[in-house]
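J.: First the structure, which I've put down as structure tokens, then a few questions once you've had a look.
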Amino acid sequence: MRLQKMTGRPKGKIARMLPYLGLDIESEDGDAVRIEYSPNRPDYSTDYGVALGLQGMLGVKTGMVKMRIKKSGRRIMAKPAISQMRPFVTGIAATGGRVNDKMIKQLMTLQEDLHAGLGRNRVKSSVGIHDMDHITFPITYGSANRSHRFVPLGHTEEMSISKILSDTVVGRDYGYI
């Protein structure tokens with residue numbers, strides 16, 4: 001169990017502490033524990049977030065996570081026309097860490113929970129996670145013509161925005177925004 005490794009505590013102790021974090025155990029299967037968490041705590045959507053809560057409660061690690069933050073010099077510019085829908089645009093470049101498939105899946109789970117809860121199904125806010133190796137700065141954030149084409153995430157062929165909106169699940173779910 002990853003939580004055992006991250007907290008240094010046995011499974012039984014972890015299971016007894018989860019309710020004190022506001023987490024309900026839905027089911028257990030071997031080392032896997034399925035939990036239910038409140039939508040106002042999207043940080044608990046990943047085992048890393050749960051481990052941070054447990055570490056603090058158990059006195060393993062306390063205080064805020066320390067990150068070195070500095071200006072990168074990279075720029076994101078928003079086109080004026082987008083300000084009605086997205087009045088604020090910002091970004092962060094996380095560097096120097098190791099990322100594996102499990103971490104990417106957890107980040108995507110957190111991202112979707114943020115979209116659904118705090119972002120009100122992407123109406124109020126949305127989050128994008130991108131590979132910095134494939135981005136050229138400065139970035140201009142704006143809208144595009146429906147004929148604009150690109151390969152959407154999870155697909156292998158280039159599509160127009162119109163086709164994405166009509167033919168993909170994500171397009172149908174969020175195309176109204």
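Identifiers for the structure tokens are assigned positionally: chains receive A, B, ... in sequence, residues are indexed from 1 per chain, and ligands are indexed from 1 in the order shown.
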List every residue of stretch 27-65 of chain A that DSSP, applied to the backbone, labels as alpha helix (DSSP H), and write the result as a list in words.

T.: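 Matching residues, listed in order: Asp47, Tyr48, Gly49, Val50, Ala51, Leu52, Gly53, Leu54, Gln55, Gly56, Met57 and Leu58 of chain A.
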
J.: May I have the selected residues written with C-alpha atoms, as a short mmCIF file (atom, residue, chain, number, x, y, z; two decimals), in the first residue's frame?

T.:
```
data_model
loop_
_atom_site.label_atom_id
_atom_site.label_comp_id
_atom_site.auth_asym_id
_atom_site.auth_seq_id
_atom_site.Cartn_x
_atom_site.Cartn_y
_atom_site.Cartn_z
CA ASP A 47 -2.97 9.09 -2.52
CA TYR A 48 -0.35 11.86 -2.30
CA GLY A 49 -2.96 14.29 -0.95
CA VAL A 50 -4.28 11.74 1.54
CA ALA A 51 -0.70 10.93 2.60
CA LEU A 52 0.01 14.63 3.26
CA GLY A 53 -3.07 14.81 5.50
CA LEU A 54 -2.09 11.64 7.34
CA GLN A 55 1.54 12.76 7.73
CA GLY A 56 0.39 15.95 9.42
CA MET A 57 -2.10 14.18 11.67
CA LEU A 58 0.43 11.51 12.66
#
```

J.: Applying 10 Å and only C-alpha atoms, which residues near A:Ala93 remain after dropping the ones on its own chain fewer than 3 positions away? List them as a list in words.

T.: Ile69, Lys70, Lys71, Ser72, Arg74, Gly96, Ile129, His130, Asp131 and Met132 of chain A

J.: Please identify all polymer residues within 8 Å of A:Gln111, counting only C-alpha atoms, omitting same-chain residues fewer than 3 positions from it, and present them as a compact mmCIF listing (two decimals) with C-alpha atoms, in the first residue's frame.

T.:
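This is the output file result-v3.txt:
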```
# COMPACT_ATOMS: atom_id res chain seq x y z
CA LEU A 107 -2.84 14.59 -11.63
CA MET A 108 -5.55 14.02 -14.22
CA LEU A 114 -11.18 20.56 -9.76
CA HIS A 115 -13.11 20.97 -13.02
CA VAL A 127 -6.96 23.44 -15.53
CA GLY A 128 -4.61 22.18 -18.20
```

J.: Out of A:Thr46, A:Gly117, A:Lys66, A:Ile177, which residue has the shortest atom-to-atom distance to A:Lys102 when counting only C-alpha atoms?

T.: A:Thr46

J.: Once you count only C-alpha atoms, what closest atom pair and distance in Å to one decimal does each residue of stretch 42-106 of chain A within 6 Å of stretch 136-152 of chain A have, with rows by chain and rising residue number, as a tab-separated table?

T.:
```
residue	atom	partner	partner_atom	distance
A:Arg75	CA	A:Pro138	CA	4.9
A:Ile76	CA	A:Ile139	CA	4.7
A:Met77	CA	A:Thr140	CA	4.8
A:Ala78	CA	A:Tyr141	CA	4.6
A:Lys79	CA	A:Gly142	CA	5.2
A:Ile82	CA	A:Gly142	CA	5.6
```

J.: Report the distance between atom CA of A:Ile14 and atom CA of A:Glu112 in Å, rounded to one decimal place.

T.: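 Rounded to one decimal, the two atoms are 25.9 Å apart.
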
J.: For A:Gly12, please output as a PyMOL selection string all residues within 12 Å (counting only C-alpha atoms; exclusion window: fewer than 4 positions along the same chain).

T.: chain A and resi 1+3-4+8+16-18+28+31+33

J.: Output as a ChimeraX atom specification all residues of stretch 28-168 of chain A that backbone DSSP marks as strand (DSSP E or B).

T.: /A:28-29,32-36,76-78,139-141,149-150,159-160

J.: Produce a file of the selected residues containing N, CA and C atoms, as a CSV table (one decimal), in the first residue's frame.

T.:
```csv
chain,number,residue,atom,x,y,z
A,28,GLU,N,-12.4,-2.4,0.8
A,28,GLU,CA,-11.0,-2.8,0.9
A,28,GLU,C,-10.9,-4.1,0.1
A,29,ASP,N,-9.8,-4.2,-0.6
A,29,ASP,CA,-9.5,-5.4,-1.4
A,29,ASP,C,-8.0,-5.6,-1.3
A,32,ALA,N,-5.5,-2.6,-1.4
A,32,ALA,CA,-6.2,-1.4,-2.0
A,32,ALA,C,-7.4,-1.0,-1.1
A,33,VAL,N,-7.5,0.3,-0.8
A,33,VAL,CA,-8.6,0.8,0.0
A,33,VAL,C,-9.3,1.9,-0.9
A,34,ARG,N,-10.6,1.8,-1.0
A,34,ARG,CA,-11.3,2.8,-1.8
A,34,ARG,C,-12.0,3.7,-0.8
A,35,ILE,N,-11.8,5.0,-1.0
A,35,ILE,CA,-12.3,6.0,0.0
A,35,ILE,C,-13.3,6.9,-0.7
A,36,GLU,N,-14.1,7.5,0.1
A,36,GLU,CA,-15.0,8.6,-0.4
A,36,GLU,C,-14.6,9.9,0.3
A,76,ILE,N,2.4,34.2,-20.7
A,76,ILE,CA,1.1,33.8,-21.2
A,76,ILE,C,0.3,35.0,-21.4
A,77,MET,N,-0.1,35.3,-22.7
A,77,MET,CA,-0.9,36.5,-23.0
A,77,MET,C,-2.3,36.0,-23.4
A,78,ALA,N,-3.3,36.7,-22.8
A,78,ALA,CA,-4.7,36.4,-23.2
A,78,ALA,C,-5.3,37.4,-24.1
A,139,ILE,N,2.9,32.1,-24.9
A,139,ILE,CA,1.6,31.4,-25.3
A,139,ILE,C,0.6,32.5,-25.4
A,140,THR,N,-0.3,32.4,-26.4
A,140,THR,CA,-1.4,33.3,-26.6
A,140,THR,C,-2.6,32.5,-26.3
A,141,TYR,N,-3.4,32.9,-25.3
A,141,TYR,CA,-4.6,32.2,-24.9
A,141,TYR,C,-5.8,32.9,-25.6
A,149,ARG,N,-7.6,22.9,-36.8
A,149,ARG,CA,-7.4,21.5,-36.7
A,149,ARG,C,-6.3,21.2,-35.7
A,150,PHE,N,-6.4,20.1,-34.9
A,150,PHE,CA,-5.4,19.6,-34.1
A,150,PHE,C,-5.8,18.1,-33.7
A,159,MET,N,-8.4,16.6,-36.1
A,159,MET,CA,-9.8,16.9,-36.3
A,159,MET,C,-10.0,18.4,-36.2
A,160,SER,N,-11.1,18.9,-36.9
A,160,SER,CA,-11.4,20.3,-36.7
A,160,SER,C,-12.1,20.5,-35.4
```
